[in-house]
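Undergrad: Provided below: upload.txt, containing compact mmCIF, C-alpha atoms.
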# COMPACT_ATOMS: atom_id res chain seq x y z
CA MET N 1 57.34 71.72 86.42
CA SER N 2 57.04 74.01 89.45
CA PHE N 3 57.04 72.89 93.06
CA THR N 4 55.73 74.49 96.21
CA ALA N 5 58.23 74.29 99.08
CA THR N 6 57.14 74.93 102.66
CA LEU N 7 59.62 75.52 105.50
CA PHE N 8 58.42 74.63 108.99
CA ASP N 9 59.84 75.92 112.30
CA SER N 10 61.70 72.64 112.71
CA GLY N 11 63.76 73.47 109.62
CA GLN N 12 62.15 70.65 107.65
CA LEU N 13 61.08 71.24 104.07
CA TYR N 14 57.94 69.96 102.34
CA PHE N 15 57.43 69.84 98.58
CA GLU N 16 54.12 69.16 96.86
CA ILE N 17 54.06 66.44 94.17
CA PRO N 18 51.95 67.32 91.11
CA GLU N 19 49.75 64.48 89.90
CA ALA N 20 51.07 64.85 86.36
CA LEU N 21 54.60 64.27 87.65
CA LYS N 22 53.59 61.10 89.49
CA ALA N 23 52.01 59.72 86.33
CA ARG N 24 55.04 60.54 84.16
CA LEU N 25 57.60 59.09 86.56
CA TRP N 26 55.54 55.95 87.13
CA GLU N 27 55.50 55.34 83.38
CA GLN N 28 59.27 55.88 83.13
CA SER N 29 59.95 53.43 85.95
CA GLN N 30 58.25 50.56 84.11
CA SER N 31 61.34 49.85 82.00
CA LEU N 32 63.17 48.41 85.03
CA ALA N 33 63.40 44.67 85.61
CA THR N 34 61.31 43.79 88.67
CA PRO N 35 58.45 45.16 90.80
CA VAL N 36 61.04 45.90 93.51
CA SER N 37 63.32 47.92 91.24
CA ARG N 38 60.42 49.67 89.50
CA TRP N 39 59.04 50.88 92.81
CA ASN N 40 62.51 51.89 93.95
CA ALA N 41 63.03 53.88 90.75
CA TYR N 42 59.64 55.55 91.15
CA LEU N 43 60.33 56.74 94.72
CA ASN N 44 63.84 57.93 93.88
CA ALA N 45 62.69 59.78 90.77
CA ILE N 46 59.94 61.58 92.71
CA ALA N 47 62.35 62.52 95.49
CA LEU N 48 64.93 63.82 93.01
CA GLU N 49 62.45 65.81 90.89
CA ALA N 50 60.88 67.38 93.99
CA VAL N 51 64.12 68.35 95.73
CA LEU N 52 66.24 69.36 92.71
CA PRO N 53 64.70 72.85 92.21
CA TRP N 54 65.42 73.71 95.85
CA LEU N 55 68.99 72.43 95.58
CA ARG N 56 69.57 74.55 92.48
CA GLU N 57 68.15 77.61 94.21
CA GLU N 58 70.30 77.12 97.32
CA ALA N 59 73.56 76.13 95.62
CA SER N 60 76.25 78.64 94.69
CA ALA N 61 77.47 76.36 91.88
CA ARG N 62 75.93 74.06 89.28
CA VAL N 63 74.06 71.03 90.61
CA ILE N 64 75.20 67.89 88.80
CA VAL N 65 73.09 64.72 88.76
CA PRO N 66 73.66 61.48 86.84
CA GLN N 67 72.11 61.19 83.41
CA SER N 68 68.82 59.35 83.11
CA ALA N 69 70.37 56.03 82.06
CA GLN N 70 72.84 56.17 84.94
CA CYS N 71 70.13 57.00 87.48
CA GLN N 72 68.07 54.04 86.37
CA ALA N 73 71.09 51.73 86.64
CA PHE N 74 71.59 52.85 90.25
CA TRP N 75 67.89 52.39 91.02
CA GLU N 76 67.80 48.93 89.46
CA LEU N 77 70.37 47.84 92.04
CA VAL N 78 70.19 50.05 95.14
CA ASN N 79 68.18 52.81 96.85
CA GLY N 80 69.57 56.35 96.71
CA THR N 81 70.53 59.11 94.26
CA PRO N 82 73.86 60.98 94.19
CA VAL N 83 73.95 64.75 93.63
CA ARG N 84 77.11 66.85 93.27
CA MET N 85 77.07 70.52 94.25
CA GLY N 86 79.54 71.89 91.72
CA GLY N 87 81.32 70.88 88.56
CA ASN N 88 84.56 69.38 89.84
CA VAL N 89 85.27 66.04 91.45
CA GLY N 90 86.12 67.63 94.82
CA SER N 91 82.73 69.33 95.11
CA ARG N 92 80.36 68.62 97.99
CA LYS N 93 78.34 65.49 97.33
CA LEU N 94 74.92 64.45 98.67
CA VAL N 95 73.00 61.22 98.47
CA LEU N 96 69.21 61.46 98.66
CA ILE N 97 67.74 58.46 100.50
CA PRO N 98 63.96 58.25 99.96
CA SER N 99 61.54 56.21 102.08
CA GLU N 100 57.77 55.89 102.14
CA ALA N 101 57.80 54.83 105.81
CA ILE N 102 55.34 56.71 108.02
CA ASP N 103 57.25 56.23 111.27
CA LEU N 104 60.60 57.92 110.83
CA ASP N 105 62.64 56.39 113.61
CA GLU N 106 65.89 55.98 111.67
CA LEU N 107 67.80 56.70 108.47
CA ALA N 108 68.84 53.53 106.61
CA VAL N 109 71.62 54.05 104.04
CA PRO N 110 72.67 51.15 101.79
CA GLN N 111 76.25 50.10 102.51
CA GLU N 112 77.35 50.88 98.94
CA TRP N 113 76.88 54.63 99.47
CA VAL N 114 79.04 54.53 102.59
CA ASP N 115 81.81 51.97 102.01
CA ILE N 116 82.59 52.28 98.29
CA PRO N 117 85.02 55.24 98.01
CA GLU N 118 83.70 56.25 94.57
CA TRP N 119 80.13 56.32 95.92
CA ALA N 120 80.70 57.89 99.35
CA ALA N 121 79.20 61.34 99.98
CA ASP N 122 79.63 64.24 102.39
CA ASP N 123 75.95 64.25 103.41
CA TYR N 124 73.09 61.76 103.36
CA VAL N 125 69.66 63.38 103.18
CA ALA N 126 66.58 61.57 104.52
CA VAL N 127 63.61 62.07 102.19
CA GLN N 128 60.08 60.98 103.14
CA VAL N 129 57.74 60.39 100.17
CA ASN N 130 54.02 60.44 100.92
CA LEU N 131 52.28 59.46 97.70
CA ASP N 132 48.75 59.40 99.14
CA GLU N 133 48.91 62.98 100.39
CA GLY N 134 51.13 64.16 97.54
CA TRP N 135 54.21 65.55 99.24
CA VAL N 136 57.93 64.99 99.80
CA ARG N 137 59.66 65.99 103.02
CA LEU N 138 63.32 66.48 103.91
CA TRP N 139 63.44 65.48 107.56
CA GLY N 140 67.11 65.11 108.43
CA HIS N 141 70.67 64.59 107.27
CA ALA N 142 73.87 62.95 108.48
CA SER N 143 77.51 63.09 107.48
CA HIS N 144 79.68 60.22 106.30
CA GLN N 145 81.63 60.43 109.56
CA GLN N 146 78.40 60.06 111.55
CA LEU N 147 77.28 56.98 109.65
CA LYS N 148 80.64 55.27 110.06
CA ALA N 149 81.12 56.25 113.71
CA GLN N 150 77.55 56.08 115.07
CA GLY N 151 75.60 54.04 112.53
CA GLU N 152 74.95 50.35 112.98
CA LEU N 153 75.61 48.14 109.96
CA ASP N 154 72.67 45.75 109.60
CA GLY N 155 73.98 42.63 107.88
CA SER N 156 70.52 41.42 106.90
CA ASP N 157 70.03 44.16 104.31
CA ARG N 158 73.52 45.72 104.30
CA SER N 159 72.41 49.15 105.45
CA TYR N 160 73.91 51.61 107.91
CA ARG N 161 71.17 52.62 110.36
CA LEU N 162 71.25 55.86 112.33
CA PRO N 163 68.44 56.74 114.81
CA GLN N 164 66.40 59.87 114.22
CA GLU N 165 67.76 61.62 117.32
CA SER N 166 71.28 61.42 115.86
CA LEU N 167 70.31 63.25 112.67
CA SER N 168 70.39 66.99 112.13
CA GLY N 169 66.87 68.15 111.30
CA ASP N 170 67.82 71.73 110.36
CA LEU N 171 68.08 71.98 106.57
CA SER N 172 69.49 75.50 106.81
CA LEU N 173 72.74 73.96 108.09
CA LEU N 174 72.80 71.63 105.10
CA SER N 175 72.26 74.47 102.62
CA LEU N 176 75.01 76.57 104.22
CA GLY N 177 77.37 73.75 103.37
CA PHE N 178 76.62 74.20 99.65
CA ASP N 179 78.88 77.27 99.65
CA PRO N 180 82.45 75.97 99.17
CA ALA N 181 83.87 79.25 100.51
CA LEU N 182 82.47 78.44 103.97
CA ASN N 183 84.23 75.03 104.02
CA LEU N 184 81.65 73.50 106.38
CA ALA N 185 81.78 69.91 105.12
CA THR N 186 82.77 67.35 107.74
CA PRO N 187 85.70 65.29 106.43
CA ARG N 188 84.65 61.84 105.29
CA ALA N 189 85.81 58.80 107.21
CA GLU N 190 88.76 56.98 105.67
CA LEU N 191 87.87 54.02 103.50
CA ALA N 192 89.86 51.13 102.13
CA ALA N 193 90.14 50.96 98.35
CA ILE N 194 87.90 48.46 96.57
CA GLN N 195 89.84 45.71 94.82
CA LYS N 196 89.37 45.82 91.05
CA LEU N 197 87.95 42.85 89.15
CA ASP N 198 89.50 41.11 86.19
CA VAL N 199 87.31 40.93 83.09
CA ALA N 200 86.54 37.20 83.43
CA SER N 201 85.31 37.58 87.02
CA ALA N 202 83.20 40.60 86.15
CA ASN N 203 81.60 38.81 83.21
CA ALA N 204 80.83 35.77 85.35
CA MET N 205 79.13 37.89 88.02
CA ILE N 206 77.14 39.86 85.46
CA GLU N 207 75.97 36.60 83.90
CA ARG N 208 74.93 35.23 87.29
CA LEU N 209 73.14 38.38 88.50
CA SER N 210 71.47 39.45 85.25
CA ASN N 211 68.46 37.17 85.71
CA PRO N 212 65.61 39.40 86.97
CA GLU N 213 64.33 36.49 89.04
CA GLN N 214 67.18 37.52 91.33
CA LEU N 215 65.20 40.28 93.08
CA GLN N 216 68.05 41.53 95.28
CA PRO N 217 71.33 41.00 93.39
CA ARG N 218 73.15 43.24 95.88
CA LEU N 219 72.59 40.64 98.59
CA ALA N 220 73.35 37.57 96.48
CA ILE N 221 77.16 37.68 96.75
CA PRO N 222 79.64 38.86 99.42
CA PHE N 223 79.78 42.65 99.72
CA GLU N 224 83.45 42.90 98.73
CA ARG N 225 82.76 41.19 95.39
CA TRP N 226 79.55 43.13 94.82
CA ALA N 227 81.25 46.45 95.62
CA ALA N 228 84.06 45.69 93.16
CA LEU N 229 81.48 45.07 90.45
CA VAL N 230 79.22 48.10 90.91
CA ALA N 231 82.05 50.56 91.69
CA HIS N 232 82.96 50.15 88.00
CA GLY N 233 80.46 52.31 86.13
CA GLY N 234 80.73 50.26 82.96
CA TYR N 235 80.05 46.96 84.70
CA ARG N 236 77.23 48.47 86.75
CA GLN N 237 75.54 49.84 83.65
CA ARG N 238 75.97 46.56 81.79
CA LEU N 239 74.48 44.53 84.65
CA ALA N 240 71.43 46.81 84.82
CA GLU N 241 70.93 46.71 81.05
CA ARG N 242 71.20 42.92 81.01
CA ARG N 243 68.55 42.75 83.72
CA TRP N 244 66.33 44.92 81.50
CA GLY N 245 66.75 42.41 78.67
CA LEU N 246 68.75 44.77 76.45
CA PRO N 247 71.49 43.65 74.05
CA GLU N 248 74.93 45.30 74.08
CA GLN N 249 74.27 49.07 74.05
CA ARG N 250 77.78 50.48 73.51
CA SER N 251 79.03 48.58 70.49
CA VAL N 252 80.70 51.25 68.38
CA MET N 253 80.68 48.88 65.39
CA ASP N 254 76.88 48.51 65.71
CA TRP N 255 76.51 52.29 66.06
CA MET N 256 78.37 52.79 62.79
CA ARG N 257 76.37 50.18 60.91
CA SER N 258 72.88 50.51 62.36
CA GLY N 259 72.75 53.77 64.31
CA LEU N 260 73.03 54.62 67.98
CA SER N 261 71.24 52.50 70.57
CA ALA N 262 68.60 54.20 72.72
CA MET N 263 70.79 53.84 75.81
CA ALA N 264 73.75 55.40 74.01
CA GLU N 265 71.61 58.41 73.12
CA GLN N 266 70.43 58.69 76.73
CA SER N 267 74.07 58.62 77.79
CA GLY N 268 74.80 61.64 75.59
CA TRP N 269 76.15 60.14 72.36
CA ARG N 270 75.01 61.42 68.95
CA SER N 271 75.95 60.98 65.33
CA ALA N 272 77.85 63.89 63.79
CA GLY N 273 77.24 62.68 60.25
CA MET N 274 80.17 62.02 57.93
CA GLU N 275 83.61 63.51 57.45
CA PRO N 276 86.36 62.76 54.90
CA ALA N 277 88.49 59.71 55.71
CA MET N 278 92.24 60.24 56.06
CA VAL N 279 95.30 58.07 55.46
CA GLY N 280 98.37 59.98 56.53
CA VAL N 281 98.09 63.36 54.82
CA ARG N 282 96.13 62.02 51.83
CA ARG N 283 92.40 62.73 51.75
CA LEU N 284 90.35 59.87 50.32
CA ALA N 285 87.16 60.16 48.35
CA THR N 286 85.30 58.03 50.87
CA GLU N 287 83.71 59.39 54.05
CA LYS N 288 83.51 57.95 57.55
CA PRO N 289 80.83 58.21 60.24
CA VAL N 290 81.64 60.04 63.46
CA MET N 291 80.10 59.55 66.91
CA VAL N 292 80.27 62.46 69.36
CA ARG N 293 79.69 62.94 73.07
CA SER N 294 79.57 66.45 74.55
CA LEU N 295 81.54 67.09 77.75
CA THR N 296 81.83 70.07 80.10
CA ILE N 297 85.20 70.80 81.71
CA ASP N 298 85.76 73.94 83.78
CA GLU N 299 82.45 75.31 82.41
CA THR N 300 83.71 74.94 78.82
CA SER N 301 82.19 72.60 76.22
CA TYR N 302 84.30 69.91 74.56
CA GLU N 303 83.62 66.97 72.27
CA LEU N 304 84.81 63.39 72.54
CA ARG N 305 84.73 61.96 69.01
CA VAL N 306 85.07 58.35 67.84
CA SER N 307 85.60 57.50 64.17
CA PRO N 308 87.11 54.69 62.08
CA LEU N 309 90.49 55.33 60.48
CA ASP N 310 89.54 53.29 57.41
CA GLN N 311 87.11 50.46 56.60
CA LEU N 312 85.11 49.24 59.60
CA GLU N 313 86.36 45.69 59.10
CA GLU N 314 89.90 46.85 59.84
CA ASN N 315 88.79 47.80 63.41
CA ARG N 316 91.18 50.76 63.54
CA TRP N 317 89.84 53.81 65.36
CA ARG N 318 90.64 57.39 66.28
CA VAL N 319 89.39 58.87 69.57
CA THR N 320 89.63 62.66 69.72
CA LEU N 321 89.06 65.40 72.32
CA ARG N 322 88.53 68.89 70.96
CA ASN N 323 86.75 72.18 71.57
CA PRO N 324 83.95 72.48 68.97
CA GLU N 325 84.18 76.27 68.81
CA ALA N 326 86.04 77.57 65.77
CA GLY N 327 89.59 78.54 66.67
CA ALA N 328 89.31 77.29 70.27
CA GLN N 329 91.97 74.93 71.61
CA VAL N 330 92.46 72.26 74.24
CA PRO N 331 94.46 73.87 77.10
CA ALA N 332 97.88 72.76 78.28
CA GLY N 333 97.72 70.05 80.91
CA TYR N 334 94.64 68.29 79.49
CA VAL N 335 94.93 64.52 78.99
CA LEU N 336 93.05 62.02 76.86
CA ARG N 337 93.59 58.42 77.97
CA LEU N 338 92.30 54.99 76.96
CA LEU N 339 92.40 51.96 79.27
CA THR N 340 91.40 48.34 78.93
CA GLU N 341 88.03 47.60 80.53
CA ASP N 342 89.80 46.37 83.68
CA PHE N 343 91.74 49.69 83.94
CA LEU N 344 95.09 48.55 82.51
CA ASN N 345 97.37 50.84 80.51
CA PHE N 346 98.83 49.84 77.18
CA GLU N 347 101.46 51.29 74.85
CA GLY N 348 100.42 54.58 73.30
CA ASN N 349 97.23 54.92 75.39
CA GLU N 350 97.69 58.59 76.38
CA ASP N 351 97.92 61.97 74.66
CA ARG N 352 98.84 64.94 76.86
CA ALA N 353 98.73 68.62 75.89
CA GLU N 354 102.13 70.07 76.85
CA GLU N 355 100.85 73.37 75.45
CA ALA N 356 97.50 74.49 74.02
CA VAL N 357 96.63 72.33 70.99
CA ASP N 358 93.82 72.07 68.45
CA GLU N 359 92.95 68.54 69.62
CA LEU N 360 94.14 65.49 71.50
CA TYR N 361 93.78 62.15 69.74
CA LEU N 362 94.67 58.47 70.03
CA ASP N 363 94.70 55.83 67.27
CA VAL N 364 94.09 52.21 68.24
CA GLN N 365 93.97 48.84 66.48
CA LEU N 366 91.59 46.48 68.28
CA GLU N 367 90.44 42.89 68.28
CA SER N 368 86.79 42.22 67.49
CA GLY N 369 84.66 42.72 70.62
CA GLU N 370 87.45 44.37 72.62
CA GLY N 371 86.36 46.98 75.17
CA LEU N 372 88.03 50.27 76.11
CA ILE N 373 87.41 52.86 78.82
CA TRP N 374 87.98 56.51 77.86
CA MET N 375 89.13 59.05 80.43
CA VAL N 376 89.78 62.80 80.30
CA GLU N 377 91.72 65.02 82.71
CA PRO N 378 90.58 67.34 84.20
CA LEU N 379 87.49 65.27 84.88
CA PRO N 380 84.34 66.39 83.06
CA GLU N 381 81.29 67.58 84.99
CA GLU N 382 79.21 64.64 83.80
CA TYR N 383 78.83 62.20 86.67
CA ASP N 384 80.50 58.78 86.75
CA LEU N 385 81.96 58.63 83.27
CA ILE N 386 83.46 55.15 83.56
CA GLU N 387 82.07 53.88 80.28
CA ILE N 388 83.10 50.78 78.33
CA LEU N 389 82.96 51.18 74.57
CA ARG N 390 82.88 47.86 72.72
CA PHE N 391 84.61 47.69 69.31
What do you get writing this file as structure tokens?

TA:
Amino acid sequence: MSFTATLFDSGQLYFEIPEALKARLWEQSQSLATPVSRWNAYLNAIALEAVLPWLREEASARVIVPQSAQCQAFWELVNGTPVRMGGNVGSRKLVLIPSEAIDLDELAVPQEWVDIPEWAADDYVAVQVNLDEGWVRLWGHASHQQLKAQGELDGSDRSYRLPQESLSGDLSLLSLGFDPALNLATPRAELAAIQKLDVASANAMIERLSNPEQLQPRLAIPFERWAALVAHGGYRQRLAERRWGLPEQRSVMDWMRSGLSAMAEQSGWRSAGMEPAMVGVRRLATEKPVMVRSLTIDETSYELRVSPLDQLEENRWRVTLRNPEAGAQVPAGYVLRLLTEDFLNFEGNEDRAEEAVDELYLDVQLESGEGLIWMVEPLPEEYDLIEILRF
């Protein structure tokens, strides 16, 4: 899909919206829970699709956006789309904030994008979406420091509001900041860490907020509790999926027995078929299914693999990180780690490469229904990989 971008003397950029794109994105937005979230998803998807080609053209590194399932989970709950300009966690980060308002007197950024450390960005880009005339416009941007120092937090909708005259309207300044060698990013304001939730509290909040009759779940509980819930990628995804009426989407046991869920496939999982089962060094005649997720670390492809060690009923699993290329290894310093779903360590939950190795792996014995978070260091390019796998 090609876009026509027009640069005006003011430094503002316009992008035309093809009619075919509007129709496709409207159809995709209909899977969300409420009219409010469907419209929010539609505007955000149009803004992202229109602006992304320009970002990729201007950036000196890869432009990383959340996967489709993750984007829709954000849009179910809050306005805005995160974009990372580069493949490592320290790369410059933007949040696109779309609005269909005609009078652009201020930028309103939901509090989550400003006060949750894991969500905070370097720049917040104001995007006007005019559906009737078929265009998208970038009309200004502000830094995290600006929003915290000059923005007014509106308690009625939990948004930081910054007047138009305080924004920078020159997009050339924004694009210059995409080059990490220039080091033009304004340091973010300091933020307090968000307190983590225990599993019981998280489950109770998800149960309470999963009813789609709750049109604005982000405003239904105190911000500190809400922020603790949605800062956790696994809980955020589960809440959104519950609001969409979906059953558990990341049950590895179900994947093995019935095939991958649609949401798991959207998140990047696939079946790698069967491989021989192992007990110690003895190879058994039986075979076991393997589920694989591709990862990119330092511009190199890796695989995260999940497979049973023996019969599914035993609930014993091996989680492996390896390079799929023949003869390639996992470099020294890489780490594969498993945590409980509330981020607690347990005995034997980490495998670290002290030197280059063929693979990293962890074997675990689990209770039925137990959830684990997998983590890899260095962090993969894929955005927000806090994922709970249910066994």

Undergrad: Please measure the separation of atom CA of N:Glu207 and atom CA of N:Leu389, giving the value in Å to one decimal.

TA: 18.7 Å

Undergrad: For a test of reading the model, state the distance in Å between atom CA of N:Asp198 and atom CA of N:Trp226, rounded to one decimal.

TA: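 Straight-line distance from atom CA of N:Asp198 to atom CA of N:Trp226 works out to 13.3 Å.
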
Undergrad: Find the residues near N:Gly369: any atom within 10 Å, counting all atoms listed in the file, skip ones fewer than 6 places away on the same chain, and give them as a ChimeraX atom specification.

TA: /N:251-253,315,389-391

Undergrad: Counting all atoms listed in the file, figure out which residue out of N:Lys288, N:Lys22, N:Arg257, N:Arg56 gets nearest to N:Asp132.

TA: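 Checking each candidate against N:Asp132, we get N:Lys22 as the closest.
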
Undergrad: Report as a list of chain:residue names all protein, DNA and RNA residues lying within 12 Å of N:Arg24, evaluated on all atoms listed in the file, omitting residues in the same chain fewer than 5 positions from it.

TA: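 With the cut-off at 12 Å, the set is N:Met1, N:Ile17, N:Pro18, N:Glu19, N:Ser29, N:Gln30, N:Tyr42, N:Ala45, N:Ile46, N:Glu49.
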
Undergrad: Find, counting only C-alpha atoms, the residue in N:Leu162, N:Ala264, N:Ile373, N:Ala149 that gets nearest to N:Val109.

TA: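 The shortest atom-to-atom distance to N:Val109 comes from N:Leu162.
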
Undergrad: Which is closer to N:Ser143 than all the others in N:Arg316, N:His232, N:Arg92, N:Arg158, using only C-alpha atoms?

TA: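 For N:Ser143, the nearest of the candidates is N:Arg92.
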
Undergrad: Pick from N:Asp170, N:Glu359, N:Glu241, N:Glu350: nearest to N:Leu304, with only C-alpha atoms counted?

TA: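 Going through N:Asp170, N:Glu359, N:Glu241, N:Glu350 one by one, the smallest distance to N:Leu304 is for N:Glu359.
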
Undergrad: Quote the spacing between atom CA of N:Ser307 and atom CA of N:Val364 in Å to one decimal place.

TA: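 Spanning atom CA of N:Ser307 to atom CA of N:Val364 is a straight-line distance of 10.8 Å.
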
Undergrad: Counting all atoms listed in the file, which residue out of N:Ile116, N:Glu76, N:Ile102, N:Trp135 sits closest to N:Phe15?

TA: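 Closest to N:Phe15 of all the choices is N:Trp135.
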
Undergrad: Quick one: residues within 10 Å of N:Gln70, all atoms listed in the file counted, chain neighbours fewer than 4 positions away excluded, as a VMD selection string?

TA: chain N and resid 65 to 66 74 to 76 233 236 to 237 240 263 266 to 267 383 to 385

Undergrad: Residues of the last selection are to be written out with C-alpha atoms, as a compact mmCIF listing (two decimals), in the frame of the given file.

TA:
# COMPACT_ATOMS: atom_id res chain seq x y z
CA VAL N 65 73.09 64.72 88.76
CA PRO N 66 73.66 61.48 86.84
CA PHE N 74 71.59 52.85 90.25
CA TRP N 75 67.89 52.39 91.02
CA GLU N 76 67.80 48.93 89.46
CA GLY N 233 80.46 52.31 86.13
CA ARG N 236 77.23 48.47 86.75
CA GLN N 237 75.54 49.84 83.65
CA ALA N 240 71.43 46.81 84.82
CA MET N 263 70.79 53.84 75.81
CA GLN N 266 70.43 58.69 76.73
CA SER N 267 74.07 58.62 77.79
CA TYR N 383 78.83 62.20 86.67
CA ASP N 384 80.50 58.78 86.75
CA LEU N 385 81.96 58.63 83.27

Undergrad: For N:Val127, which residue out of N:Leu104, N:Ile388, N:Leu96, N:Ala227 is the nearest one, using all atoms listed in the file?

TA: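 Going through N:Leu104, N:Ile388, N:Leu96, N:Ala227 one by one, the smallest distance to N:Val127 is for N:Leu96.
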
Undergrad: Let me have the centre and edge lengths in Å, one decimal, of the box along x, y and z around every listed atom of stretch 377-380 of chain N with 5 Å of margin on each side, as lines of an AutoDock Vina configuration file.

TA:
center_x = 88.0
center_y = 66.2
center_z = 83.8
size_x = 17.4
size_y = 12.3
size_z = 12.2

Undergrad: Here's a test: counting all atoms listed in the file, identify every protein, DNA and RNA residue with an atom at most 7 Å from (78.6, 66.8, 98.1) in the file's coordinate frame, and state them as a list in words.

TA: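 It turns out the residues near that spot are Val83, Arg84, Met85, Ser91, Arg92, Lys93, Leu94, Ala121, Asp122 and Asp123 of chain N.
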